[in-house]
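Student: Have a peek at data.txt (compact mmCIF, C-alpha atoms and all ligand atoms).
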```txt
# COMPACT_ATOMS: atom_id res chain seq x y z
CA MET Z 1427 -34.33 8.35 4.02
CA GLN Z 1428 -33.37 4.80 4.91
CA GLY Z 1429 -30.65 4.37 7.55
CA ARG Z 1430 -27.61 6.53 6.88
CA LEU Z 1431 -26.47 4.97 3.64
CA ASN Z 1432 -26.14 8.43 2.10
CA ILE Z 1433 -23.34 9.41 4.46
CA VAL Z 1434 -19.62 9.11 3.69
CA PRO Z 1435 -16.99 10.20 6.23
CA PHE Z 1436 -15.03 13.16 4.85
CA VAL Z 1437 -11.64 14.29 6.20
CA SER Z 1438 -10.96 17.93 5.31
CA VAL Z 1439 -7.49 19.50 5.34
CA ASP Z 1440 -8.37 21.06 8.69
CA ASN Z 1441 -9.35 17.71 10.19
CA MET Z 1442 -6.34 15.91 8.67
CA MET Z 1443 -4.05 18.42 10.38
CA LYS Z 1444 -5.91 17.94 13.68
CA LEU Z 1445 -5.72 14.15 13.32
CA VAL Z 1446 -1.98 14.14 12.53
CA LEU Z 1447 -1.20 16.51 15.41
CA ALA Z 1448 -3.43 14.59 17.85
CA ILE Z 1449 -1.62 11.35 17.01
CA GLY Z 1450 1.76 13.12 16.76
CA ILE Z 1451 3.71 13.55 13.50
CA GLU Z 1452 6.27 10.89 14.42
CA ARG Z 1453 3.72 8.30 15.53
CA PHE Z 1454 1.61 9.03 12.47
CA LEU Z 1455 4.63 8.47 10.18
CA THR Z 1456 5.57 5.25 11.96
CA GLY Z 1457 2.00 3.95 11.81
CA LEU Z 1458 1.73 4.85 8.15
CA ALA Z 1459 5.03 3.14 7.34
CA ALA Z 1460 3.83 0.02 9.20
CA ALA Z 1461 0.59 0.02 7.15
CA ILE Z 1462 2.59 0.38 3.91
CA GLU Z 1463 5.00 -2.36 4.96
CA GLU Z 1464 2.09 -4.66 5.79
CA ASP Z 1465 0.48 -4.05 2.38
CA PHE Z 1466 3.82 -4.48 0.54
CA ARG Z 1467 4.10 -7.91 2.19
CA ARG Z 1468 0.78 -8.89 0.58
CA TRP Z 1469 1.65 -7.15 -2.70
CA GLU Z 1470 0.57 -10.05 -4.89
CA LEU Z 1471 -3.05 -9.74 -3.70
CA PHE Z 1472 -3.47 -6.26 -5.14
CA ASP Z 1473 -4.70 -5.13 -8.57
CA LYS Z 1474 -1.80 -3.25 -10.09
CA THR Z 1475 -1.61 -0.90 -13.04
CA PRO Z 1476 0.66 2.02 -13.94
CA ARG Z 1477 -1.23 5.16 -12.95
CA ILE Z 1478 -3.38 6.86 -15.53
CA ALA Z 1479 -1.67 10.12 -16.43
CA SER Z 1480 -2.98 13.09 -18.37
CA HIS Z 1481 -0.01 15.22 -19.38
CA SER Z 1482 0.03 18.87 -20.43
CA ALA Z 1483 2.74 21.45 -21.05
CA GLU Z 1484 2.31 22.68 -17.45
CA GLY Z 1485 2.11 19.40 -15.57
CA VAL Z 1486 0.20 16.20 -15.07
CA ILE Z 1487 -3.06 14.97 -13.53
CA GLU Z 1488 -3.06 11.33 -12.44
CA LEU Z 1489 -5.48 8.71 -11.16
CA MET Z 1490 -4.03 5.95 -8.99
CA PRO Z 1491 -6.39 3.02 -8.40
CA THR Z 1492 -5.88 -0.33 -6.68
CA SER Z 1493 -7.83 -2.99 -4.78
CA ASP Z 1494 -6.98 -5.86 -2.45
CA GLY Z 1495 -10.19 -7.65 -3.41
CA THR Z 1496 -12.08 -6.41 -0.35
CA THR Z 1497 -11.38 -2.69 -0.42
CA TYR Z 1498 -10.82 -0.40 -3.40
CA GLY Z 1499 -8.90 2.88 -3.27
CA PHE Z 1500 -7.89 5.62 -5.63
CA LYS Z 1501 -6.10 8.93 -5.46
CA TYR Z 1502 -6.44 11.98 -7.70
CA VAL Z 1503 -3.12 13.83 -7.76
CA ASN Z 1504 -1.54 16.58 -9.83
CA GLY Z 1505 2.06 17.66 -10.39
CA HIS Z 1506 2.60 21.22 -11.64
CA PRO Z 1507 6.15 22.45 -10.88
CA ARG Z 1508 5.37 26.06 -11.81
CA ASN Z 1509 2.27 26.27 -9.58
CA THR Z 1510 4.13 27.72 -6.60
CA ARG Z 1511 4.73 30.92 -8.60
CA GLN Z 1512 0.95 31.55 -8.47
CA GLY Z 1513 0.63 30.61 -4.81
CA ARG Z 1514 -0.56 27.07 -5.53
CA GLN Z 1515 0.94 23.75 -4.42
CA THR Z 1516 3.00 21.73 -6.91
CA VAL Z 1517 1.18 18.61 -5.72
CA THR Z 1518 -2.40 18.38 -4.42
CA ALA Z 1519 -4.46 15.27 -3.94
CA PHE Z 1520 -7.62 13.70 -2.59
CA GLY Z 1521 -8.67 10.09 -2.36
CA VAL Z 1522 -11.46 7.59 -1.86
CA LEU Z 1523 -11.69 4.20 -0.18
CA ALA Z 1524 -14.63 1.98 -1.15
CA ASP Z 1525 -16.20 -1.35 -0.25
CA VAL Z 1526 -15.65 -3.82 -3.11
CA GLY Z 1527 -18.74 -5.79 -2.01
CA ASN Z 1528 -21.26 -3.02 -2.73
CA GLY Z 1529 -19.15 -0.34 -4.40
CA TYR Z 1530 -20.05 2.28 -1.79
CA PRO Z 1531 -17.34 4.79 -0.83
CA MET Z 1532 -16.31 4.44 2.83
CA LEU Z 1533 -14.02 7.47 3.01
CA LEU Z 1534 -13.33 10.67 1.11
CA THR Z 1535 -10.27 12.56 2.26
CA GLU Z 1536 -7.84 15.31 1.47
CA MET Z 1537 -4.53 13.74 0.44
CA THR Z 1538 -2.19 16.69 -0.09
CA ILE Z 1539 -0.83 16.45 3.45
CA LEU Z 1540 -1.39 12.70 3.47
CA THR Z 1541 0.68 12.30 0.27
CA ALA Z 1542 3.61 14.18 1.79
CA LEU Z 1543 3.39 11.90 4.84
CA ARG Z 1544 3.02 8.68 2.85
CA THR Z 1545 5.83 9.60 0.46
CA ALA Z 1546 8.14 10.29 3.38
CA ALA Z 1547 7.04 7.11 5.17
CA THR Z 1548 7.68 5.06 2.00
CA SER Z 1549 11.11 6.67 1.51
CA ALA Z 1550 12.12 5.92 5.09
CA LEU Z 1551 10.75 2.38 4.84
CA ALA Z 1552 12.86 1.79 1.70
CA ALA Z 1553 15.89 3.28 3.44
CA LYS Z 1554 15.38 0.93 6.41
CA TYR Z 1555 16.22 -1.93 4.02
CA LEU Z 1556 18.68 -0.11 1.73
CA ALA Z 1557 20.60 2.62 3.55
CA PRO Z 1558 23.89 2.05 5.40
CA LYS Z 1559 23.06 0.93 8.93
CA ASP Z 1560 25.01 3.67 10.70
CA ALA Z 1561 23.57 6.54 8.63
CA ARG Z 1562 23.17 9.78 10.58
CA VAL Z 1563 23.62 12.45 7.89
CA MET Z 1564 21.19 13.13 5.05
CA ALA Z 1565 21.44 15.66 2.24
CA VAL Z 1566 18.07 17.00 1.13
CA ILE Z 1567 18.18 18.67 -2.27
CA GLY Z 1568 14.93 20.49 -3.00
CA ASN Z 1569 13.51 22.14 0.12
CA GLY Z 1570 9.88 22.59 -0.93
CA ALA Z 1571 6.61 21.20 0.40
CA GLN Z 1572 7.80 17.59 0.78
CA ALA Z 1573 11.19 18.28 2.37
CA GLU Z 1574 10.43 18.52 6.10
CA PHE Z 1575 8.19 15.45 5.93
CA GLN Z 1576 11.11 13.50 4.47
CA ALA Z 1577 13.42 14.77 7.22
CA MET Z 1578 10.94 13.83 9.96
CA ALA Z 1579 10.39 10.31 8.60
CA PHE Z 1580 14.13 9.67 8.34
CA ARG Z 1581 14.73 10.92 11.86
CA THR Z 1582 11.90 8.90 13.32
CA MET Z 1583 12.59 5.66 11.48
CA LEU Z 1584 16.37 5.75 10.90
CA GLY Z 1585 17.79 8.15 13.46
CA ILE Z 1586 18.96 10.73 10.93
CA ASP Z 1587 19.76 13.83 12.96
CA ARG Z 1588 22.08 15.81 10.71
CA LEU Z 1589 20.71 17.49 7.59
CA ARG Z 1590 22.54 19.19 4.75
CA LEU Z 1591 19.97 21.24 2.85
CA HIS Z 1592 20.18 22.74 -0.61
CA ASP Z 1593 17.69 24.48 -2.90
CA ILE Z 1594 18.22 26.81 -5.84
CA ASP Z 1595 15.87 29.13 -3.98
CA ARG Z 1596 17.52 30.09 -0.69
CA ALA Z 1597 14.12 31.10 0.72
CA ALA Z 1598 12.99 27.45 0.54
CA THR Z 1599 16.01 26.32 2.58
CA GLU Z 1600 15.38 29.06 5.13
CA LYS Z 1601 11.74 27.95 5.44
CA CYS Z 1602 12.92 24.38 6.12
CA ILE Z 1603 15.41 25.53 8.74
CA ARG Z 1604 12.67 27.57 10.48
CA ASN Z 1605 10.19 24.68 10.43
CA LEU Z 1606 12.66 22.08 11.65
CA ALA Z 1607 14.15 24.24 14.42
CA GLY Z 1608 13.69 22.56 17.78
CA LEU Z 1609 12.83 19.19 16.23
CA GLY Z 1610 16.17 17.59 16.98
CA PHE Z 1611 18.25 18.25 13.86
CA ASP Z 1612 21.68 19.72 13.37
CA ILE Z 1613 21.17 21.58 10.07
CA THR Z 1614 23.66 22.97 7.54
CA ALA Z 1615 22.49 25.16 4.68
CA CYS Z 1616 24.53 24.44 1.55
CA GLY Z 1617 25.14 26.63 -1.48
CA SER Z 1618 25.25 23.75 -3.97
CA ALA Z 1619 24.29 20.11 -4.39
CA ALA Z 1620 28.01 19.28 -4.38
CA GLU Z 1621 28.38 20.86 -0.95
CA ALA Z 1622 25.19 19.22 0.36
CA VAL Z 1623 26.29 15.65 -0.43
CA GLN Z 1624 29.62 16.01 1.42
CA GLY Z 1625 29.64 13.52 4.28
CA ALA Z 1626 26.04 12.43 3.68
CA GLN Z 1627 25.27 8.71 3.82
CA ILE Z 1628 21.79 9.30 2.42
CA VAL Z 1629 20.96 11.77 -0.35
CA THR Z 1630 17.33 12.70 -0.90
CA THR Z 1631 16.53 14.51 -4.13
CA VAL Z 1632 13.08 16.07 -4.02
CA THR Z 1633 13.11 18.91 -6.53
CA ALA Z 1634 10.34 19.95 -8.90
CA ASP Z 1635 11.18 20.82 -12.50
CA LYS Z 1636 9.49 19.66 -15.63
CA GLN Z 1637 12.61 18.53 -17.45
CA ASN Z 1638 15.43 15.98 -17.41
CA ALA Z 1639 17.37 17.87 -14.76
CA THR Z 1640 20.77 16.87 -13.41
CA ILE Z 1641 20.50 17.47 -9.70
CA LEU Z 1642 23.29 14.98 -9.08
CA THR Z 1643 26.18 14.27 -11.43
CA ASP Z 1644 28.12 11.03 -11.28
CA ASN Z 1645 31.21 12.55 -9.63
CA LEU Z 1646 29.10 13.65 -6.62
CA VAL Z 1647 28.06 10.13 -5.72
CA GLY Z 1648 30.60 8.29 -3.59
CA ARG Z 1649 30.57 4.60 -2.76
CA GLY Z 1650 28.29 3.27 -0.07
CA ILE Z 1651 25.57 5.91 -0.15
CA HIS Z 1652 21.84 5.49 -0.46
CA ILE Z 1653 19.98 7.79 -2.85
CA ASN Z 1654 16.32 8.47 -2.19
CA GLY Z 1655 15.24 9.89 -5.55
CA VAL Z 1656 11.76 11.36 -5.08
CA GLY Z 1657 11.39 14.26 -7.52
CA GLY Z 1658 11.79 12.41 -10.83
CA ASP Z 1659 8.31 10.98 -11.36
CA CYS Z 1660 7.08 11.74 -14.88
CA PRO Z 1661 8.16 11.09 -18.46
CA GLY Z 1662 10.83 13.72 -19.25
CA LYS Z 1663 11.15 14.70 -15.53
CA THR Z 1664 14.22 13.17 -13.90
CA GLU Z 1665 16.89 14.28 -11.43
CA LEU Z 1666 19.91 11.98 -11.76
CA HIS Z 1667 22.59 11.69 -14.40
CA PRO Z 1668 22.23 8.27 -16.09
CA ASP Z 1669 25.82 7.30 -15.17
CA ILE Z 1670 24.74 7.25 -11.50
CA LEU Z 1671 22.05 4.74 -12.36
CA LEU Z 1672 24.59 2.48 -14.05
CA ARG Z 1673 26.65 2.32 -10.82
CA SER Z 1674 23.66 1.76 -8.53
CA ASP Z 1675 21.52 -1.15 -7.45
CA ILE Z 1676 18.08 0.18 -8.25
CA PHE Z 1677 14.95 -0.47 -6.22
CA VAL Z 1678 11.52 0.58 -7.44
CA GLU Z 1679 7.88 0.38 -6.40
CA TYR Z 1680 6.04 -1.14 -9.37
CA SER Z 1681 8.45 -1.58 -12.28
CA PRO Z 1682 5.93 -1.15 -15.18
CA GLN Z 1683 5.07 2.31 -13.79
CA THR Z 1684 8.63 3.26 -12.85
CA ARG Z 1685 9.97 2.36 -16.30
CA ILE Z 1686 7.61 5.05 -17.65
CA GLU Z 1687 8.05 7.66 -14.92
CA GLY Z 1688 11.18 7.07 -12.85
CA GLU Z 1689 14.88 7.75 -13.25
CA ILE Z 1690 15.11 4.40 -15.05
CA GLN Z 1691 13.22 5.82 -18.04
CA GLN Z 1692 16.77 6.90 -19.01
CA LEU Z 1693 17.94 3.24 -19.15
CA ALA Z 1694 17.28 0.29 -21.43
CA PRO Z 1695 13.80 -1.15 -20.82
CA ASP Z 1696 15.29 -4.44 -19.57
CA HIS Z 1697 17.84 -2.91 -17.17
CA PRO Z 1698 17.62 -4.99 -13.97
CA VAL Z 1699 15.74 -3.43 -11.07
CA THR Z 1700 14.31 -4.91 -7.86
CA GLU Z 1701 10.80 -4.17 -6.64
CA LEU Z 1702 10.96 -3.02 -3.02
CA TRP Z 1703 8.13 -5.32 -1.89
CA ARG Z 1704 10.36 -8.30 -2.76
CA VAL Z 1705 13.02 -7.06 -0.35
CA ILE Z 1706 10.43 -6.44 2.37
CA ALA Z 1707 8.87 -9.89 1.84
CA GLY Z 1708 12.32 -11.54 1.99
CA HIS Z 1709 12.42 -12.62 -1.68
CA ALA Z 1710 15.32 -10.32 -2.62
CA GLU Z 1711 18.32 -8.77 -0.93
CA GLY Z 1712 18.45 -5.11 0.08
CA ARG Z 1713 21.83 -3.62 0.97
CA ARG Z 1714 24.57 -6.24 0.61
CA GLY Z 1715 27.67 -4.32 1.59
CA ALA Z 1716 29.30 -1.08 2.63
CA ASP Z 1717 30.46 -0.07 -0.87
CA GLN Z 1718 27.19 -0.60 -2.67
CA ILE Z 1719 25.31 2.42 -4.02
CA THR Z 1720 21.59 1.86 -3.57
CA LEU Z 1721 18.93 3.96 -5.28
CA PHE Z 1722 15.27 4.04 -4.35
CA ASP Z 1723 13.78 5.35 -7.61
CA SER Z 1724 10.55 6.57 -6.03
CA VAL Z 1725 7.61 7.70 -8.14
CA GLY Z 1726 4.74 6.94 -5.75
CA PHE Z 1727 2.50 3.92 -6.25
CA ALA Z 1728 -1.21 3.36 -5.65
CA ILE Z 1729 -0.71 0.72 -2.93
CA GLU Z 1730 1.01 3.34 -0.73
CA ASP Z 1731 -2.06 5.55 -1.05
CA PHE Z 1732 -4.33 2.59 -0.35
CA SER Z 1733 -2.37 1.94 2.86
CA ALA Z 1734 -2.60 5.62 3.79
CA LEU Z 1735 -6.36 5.67 3.15
CA ARG Z 1736 -7.01 2.59 5.26
CA TYR Z 1737 -4.72 3.92 8.01
CA VAL Z 1738 -6.67 7.20 8.12
CA ARG Z 1739 -10.00 5.36 8.11
CA GLU Z 1740 -8.87 3.27 11.09
CA ARG Z 1741 -7.54 6.30 12.94
CA ILE Z 1742 -10.62 8.55 12.55
CA ALA Z 1743 -12.92 5.90 14.05
CA GLY Z 1744 -14.26 7.18 17.36
CA THR Z 1745 -12.83 10.69 16.86
CA GLY Z 1746 -14.43 13.94 15.75
CA PHE Z 1747 -11.85 14.44 13.00
CA PHE Z 1748 -14.26 13.97 10.10
CA GLU Z 1749 -17.53 15.29 8.77
CA GLU Z 1750 -20.52 13.35 7.56
CA LEU Z 1751 -20.88 14.06 3.86
CA ASP Z 1752 -24.25 13.62 2.13
CA LEU Z 1753 -22.58 12.06 -0.91
CA LEU Z 1754 -24.74 9.14 -2.00
CA ALA Z 1755 -28.34 9.34 -3.20
CA ASP Z 1756 -30.40 7.06 -0.97
CA PRO Z 1757 -34.11 6.85 -1.88
CA ASP Z 1758 -36.37 4.80 0.45
CA GLU Z 1759 -37.05 2.46 -2.47
CA PRO Z 1760 -33.68 2.04 -4.24
CA ARG Z 1761 -35.22 2.14 -7.73
CA ASP Z 1762 -37.22 5.29 -7.03
CA LEU Z 1763 -34.38 7.73 -7.68
CA PHE Z 1764 -36.60 9.93 -9.87
CA GLY Z 1765 -39.37 9.92 -7.27
CA MET Z 1766 -36.90 11.13 -4.65
CA LEU Z 1767 -35.97 14.03 -6.94
CA LEU Z 1768 -39.64 14.97 -7.46
CA ARG Z 1769 -40.41 14.79 -3.76
CA ALA Z 1770 -37.55 17.22 -3.08
CA GLN Z 1771 -39.76 19.95 -4.67
CA GLY Z 1772 -41.69 19.92 -1.43
N1 LIG P 1801 7.85 10.02 -5.51
C1 LIG P 1801 6.72 10.40 -4.95
O1 LIG P 1801 5.97 9.59 -4.43
C2 LIG P 1801 6.40 11.87 -4.89
C3 LIG P 1801 5.37 12.32 -4.05
C4 LIG P 1801 5.15 13.69 -3.94
C5 LIG P 1801 5.90 14.58 -4.71
N2 LIG P 1801 6.85 14.09 -5.56
C6 LIG P 1801 7.68 14.99 -6.36
O2 LIG P 1801 8.59 15.62 -5.47
C7 LIG P 1801 8.98 16.88 -6.02
C8 LIG P 1801 8.92 17.95 -4.96
O3 LIG P 1801 7.57 18.17 -4.59
P1 LIG P 1801 7.20 19.41 -3.67
O4 LIG P 1801 5.75 19.28 -3.36
O5 LIG P 1801 8.17 19.50 -2.54
O6 LIG P 1801 7.47 20.61 -4.70
P2 LIG P 1801 7.77 22.14 -4.38
O7 LIG P 1801 7.53 22.87 -5.66
O8 LIG P 1801 7.05 22.58 -3.16
O9 LIG P 1801 9.34 22.17 -4.04
C9 LIG P 1801 10.32 21.84 -4.98
C10 LIG P 1801 11.60 22.60 -4.62
O10 LIG P 1801 12.63 22.16 -5.53
C11 LIG P 1801 13.46 23.30 -5.77
N3 LIG P 1801 14.27 23.04 -6.96
C12 LIG P 1801 13.86 23.01 -8.26
N4 LIG P 1801 14.92 22.77 -9.07
C13 LIG P 1801 16.00 22.60 -8.25
C14 LIG P 1801 17.37 22.32 -8.49
N5 LIG P 1801 17.84 22.17 -9.72
N6 LIG P 1801 18.20 22.20 -7.42
C15 LIG P 1801 17.74 22.38 -6.14
N7 LIG P 1801 16.44 22.67 -5.87
C16 LIG P 1801 15.59 22.77 -6.91
C17 LIG P 1801 12.48 24.45 -5.88
O11 LIG P 1801 13.12 25.71 -5.72
C18 LIG P 1801 11.48 24.11 -4.77
O12 LIG P 1801 11.82 24.74 -3.55
C19 LIG P 1801 8.05 17.13 -7.20
O13 LIG P 1801 8.77 16.88 -8.39
C20 LIG P 1801 6.94 16.13 -7.02
O14 LIG P 1801 6.35 15.75 -8.23
C21 LIG P 1801 7.12 12.75 -5.66
```
Could you render the structure as structure tokens?
Ligand SMILES: NC(=O)c1ccc[n+]([C@@H]2O[C@H](COP(=O)([O-])OP(=O)(O)OC[C@H]3O[C@@H](n4cnc5c(N)ncnc54)[C@H](O)[C@@H]3O)[C@@H](O)[C@H]2O)c1
Tutor:
Amino acid sequence: MQGRLNIVPFVSVDNMMKLVLAIGIERFLTGLAAAIEEDFRRWELFDKTPRIASHSAEGVIELMPTSDGTTYGFKYVNGHPRNTRQGRQTVTAFGVLADVGNGYPMLLTEMTILTALRTAATSALAAKYLAPKDARVMAVIGNGAQAEFQAMAFRTMLGIDRLRLHDIDRAATEKCIRNLAGLGFDITACGSAAEAVQGAQIVTTVTADKQNATILTDNLVGRGIHINGVGGDCPGKTELHPDILLRSDIFVEYSPQTRIEGEIQQLAPDHPVTELWRVIAGHAEGRRGADQITLFDSVGFAIEDFSALRYVRERIAGTGFFEELDLLADPDEPRDLFGMLLRAQG
């Protein structure tokens, strides 16, 4: 075997958890948000395409590729809202980073935990530009796998320290309260979405349901709030009543993908929206005033995963938080692939 060209670093779920905890959840989220912000500033460099989705009655499987010309990344991710009933996650993911120059993968990693972190980091990054400056109180509707990550990112990056939680399943809210105890939040469990939004300057909707749901109706949305809409991310899977959208200034990741998958699938295809990267790069305004309703219509875009992959690759260097995976065939003579197979007979 020549050199170690067969080896690709692999980050398992176990090692991802060790890495995140060694760095610290808050520092990890901040570092991830900084990597995403940096890549959003160089948005125009990237290959961009709406993700490739394979829909079924139960859910969706998606591939999310992008490249900055030097490095290529993709994520495999599913979304199956009924999975939790069989003990499975709604969302699982893994991803690859590769060298554009030779096409060789440079990293293979779990991305279920990493997706929750990058989604939360992206939401908080958007809110940094869009939410009211003095925001302290956030409603979180949908208290499943993503919820605590969202809370942590908003506390770390925006100083949110009061949470109003609601889920149709009380057990999910109780799980959140248990997990977030001692992490610096004042938490109120709410019996309805209407109760949860009372006094909240930021409303995060992060439910899972494969339908056009109405988690928020128009009358619940007062002036001046920021909505972080995370759970509506597939055709026919939305969370907000369309009247809310008509009163909001809407910010999206990559508009061709969001028009297919986001809340704005409910609007005319030419309804004005602003891509978040333009706000971050200083080409467009974020929040303009105290009365404005801002909506981050989040669906999750490939560049965020690219940023997360490169952040993890940088952070595992010099640590033991990865394994060496024998992933790539590497015969001594590159064209003698068949000979290598024969020689393996011993
Ligand atoms: N935008 C993104 O980048 C992104 C990334 C990851 C996940 N998501 C989406 O976020 C959503 C949540 O993901 P998850 O992993 O936390 O799922 P999950 O299944 O673990 O949790 C979803 C929670 O929503 C609750 N819920 C469902 N309908 C509700 C309703 N009408 N009112 C209140 N609560 C309700 C469920 O009881 C459950 O506790 C999913 O729809 C997923 O596809 C989006």
Student: So, counting only C-alpha atoms, which residue among Z:Gly1610, Z:Gly1617, Z:Pro1531, Z:Gly1521 is closest to Z:Asp1752?
Tutor: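 Among Z:Gly1610, Z:Gly1617, Z:Pro1531, Z:Gly1521, it is Z:Pro1531 that comes nearest to Z:Asp1752.
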Student: Could you tell me which of Z:Trp1703, Z:Phe1611, Z:Tyr1530, Z:Phe1764 comes closest to Z:Ala1552 if we count all atoms listed in the file?
Tutor: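 Of Z:Trp1703, Z:Phe1611, Z:Tyr1530, Z:Phe1764, the one nearest Z:Ala1552 is Z:Trp1703, counting all atoms listed in the file.
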Student: Which one is closest to ligand LIG 1801 (chain P): Z:Val1629, Z:Ala1734, Z:Val1437, Z:Leu1642? Count all atoms listed in the file.
Tutor: Z:Leu1642
Student: Which residues are near stretch 1438-1453 of chain Z? Cut-off 6 Å, all atoms listed in the file, ignore same chain within fewer than 2 positions. Put them as a ChimeraX atom specification.
Tutor: /Z:1455-1457,1536,1747
Student: So how many Å separate atom CA of Z:Tyr1498 and atom CA of Z:Glu1750, to one decimal?
Tutor: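 Rounded to one decimal, the two atoms are 20.1 Å apart.
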Student: With a cut-off of 7 Å, could you pull out the residues of chain Z touching ligand LIG 1801 (chain P) and give me the nearest pair of atoms for each, distance in Å to one decimal, using only C-alpha atoms and all ligand atoms, ordered by chain and ascending number, as a Markdown table?
Tutor:
```
| residue | atom | partner | partner_atom | distance |
| --- | --- | --- | --- | --- |
| Z:Gly1505 | CA | P:LIG1801 | O14 | 5.2 |
| Z:Pro1507 | CA | P:LIG1801 | O7 | 5.4 |
| Z:Thr1510 | CA | P:LIG1801 | O7 | 6.0 |
| Z:Gln1515 | CA | P:LIG1801 | O8 | 6.3 |
| Z:Thr1516 | CA | P:LIG1801 | O7 | 4.8 |
| Z:Val1517 | CA | P:LIG1801 | O4 | 5.2 |
| Z:Thr1541 | CA | P:LIG1801 | C4 | 6.3 |
| Z:Ala1542 | CA | P:LIG1801 | C4 | 6.0 |
| Z:Thr1545 | CA | P:LIG1801 | O1 | 4.9 |
| Z:Ile1567 | CA | P:LIG1801 | C15 | 5.4 |
| Z:Gly1568 | CA | P:LIG1801 | O10 | 3.8 |
| Z:Asn1569 | CA | P:LIG1801 | O12 | 4.8 |
| Z:Gly1570 | CA | P:LIG1801 | O9 | 3.2 |
| Z:Ala1571 | CA | P:LIG1801 | O5 | 3.7 |
| Z:Gln1572 | CA | P:LIG1801 | O5 | 3.8 |
| Z:Ala1573 | CA | P:LIG1801 | O5 | 5.9 |
| Z:His1592 | CA | P:LIG1801 | C15 | 6.1 |
| Z:Asp1593 | CA | P:LIG1801 | N7 | 3.7 |
| Z:Ile1594 | CA | P:LIG1801 | C15 | 4.5 |
| Z:Asp1595 | CA | P:LIG1801 | O11 | 4.7 |
| Z:Ala1598 | CA | P:LIG1801 | O12 | 5.0 |
| Z:Val1632 | CA | P:LIG1801 | C7 | 4.6 |
| Z:Thr1633 | CA | P:LIG1801 | O10 | 3.4 |
| Z:Ala1634 | CA | P:LIG1801 | O13 | 3.5 |
| Z:Asp1635 | CA | P:LIG1801 | N4 | 5.4 |
| Z:Ala1639 | CA | P:LIG1801 | N5 | 6.6 |
| Z:Ile1641 | CA | P:LIG1801 | N5 | 5.4 |
| Z:Val1656 | CA | P:LIG1801 | N1 | 4.2 |
| Z:Gly1657 | CA | P:LIG1801 | O2 | 3.7 |
| Z:Gly1658 | CA | P:LIG1801 | O13 | 5.9 |
| Z:Asp1659 | CA | P:LIG1801 | N1 | 5.9 |
| Z:Ser1724 | CA | P:LIG1801 | N1 | 4.4 |
| Z:Val1725 | CA | P:LIG1801 | N1 | 3.5 |
| Z:Gly1726 | CA | P:LIG1801 | O1 | 3.2 |
| Z:Phe1727 | CA | P:LIG1801 | O1 | 6.9 |
```
Student: Which residue, Z:Glu1600, Z:Asp1669, Z:Asp1731, Z:Asp1644, has the smallest gap to Z:Met1537 when you use all atoms listed in the file?
Tutor: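 Residue with the minimum atom-to-atom distance to Z:Met1537: Z:Asp1731.
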Student: Name all residues at most 6 Å from Z:Phe1472 (count all atoms listed in the file; drop same-chain ones fewer than 2 positions away) and give them as a ChimeraX atom specification.
Tutor: /Z:1469-1470,1493-1494
Student: For Z:Phe1748, which residue out of Z:Thr1535, Z:Lys1501, Z:Lys1663, Z:Ala1622 is the nearest one, using only C-alpha atoms?
Tutor: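 With only C-alpha atoms as the atom set, the closest residue is Z:Thr1535.
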Student: Write out as a PyMOL selection string which residues come within 7 Å of Z:Ile1586 when counting all atoms listed in the file, dropping same-chain ones fewer than 3 positions away.
Tutor: chain Z and resi 1561-1564+1580-1581
Student: Could you please determine the separation between atom CA of Z:Arg1713 and atom CA of Z:Asp1473 in Å, to one decimal place?
Tutor: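 Computing it gives 28.2 Å between the two atoms.
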Student: Between atom CA of Z:Gly1662 and atom CA of Z:Asn1638, what distance in Å does the model show, to one decimal?
Tutor: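 Computing the Euclidean distance for atom CA of Z:Gly1662 and atom CA of Z:Asn1638 yields 5.4 Å.
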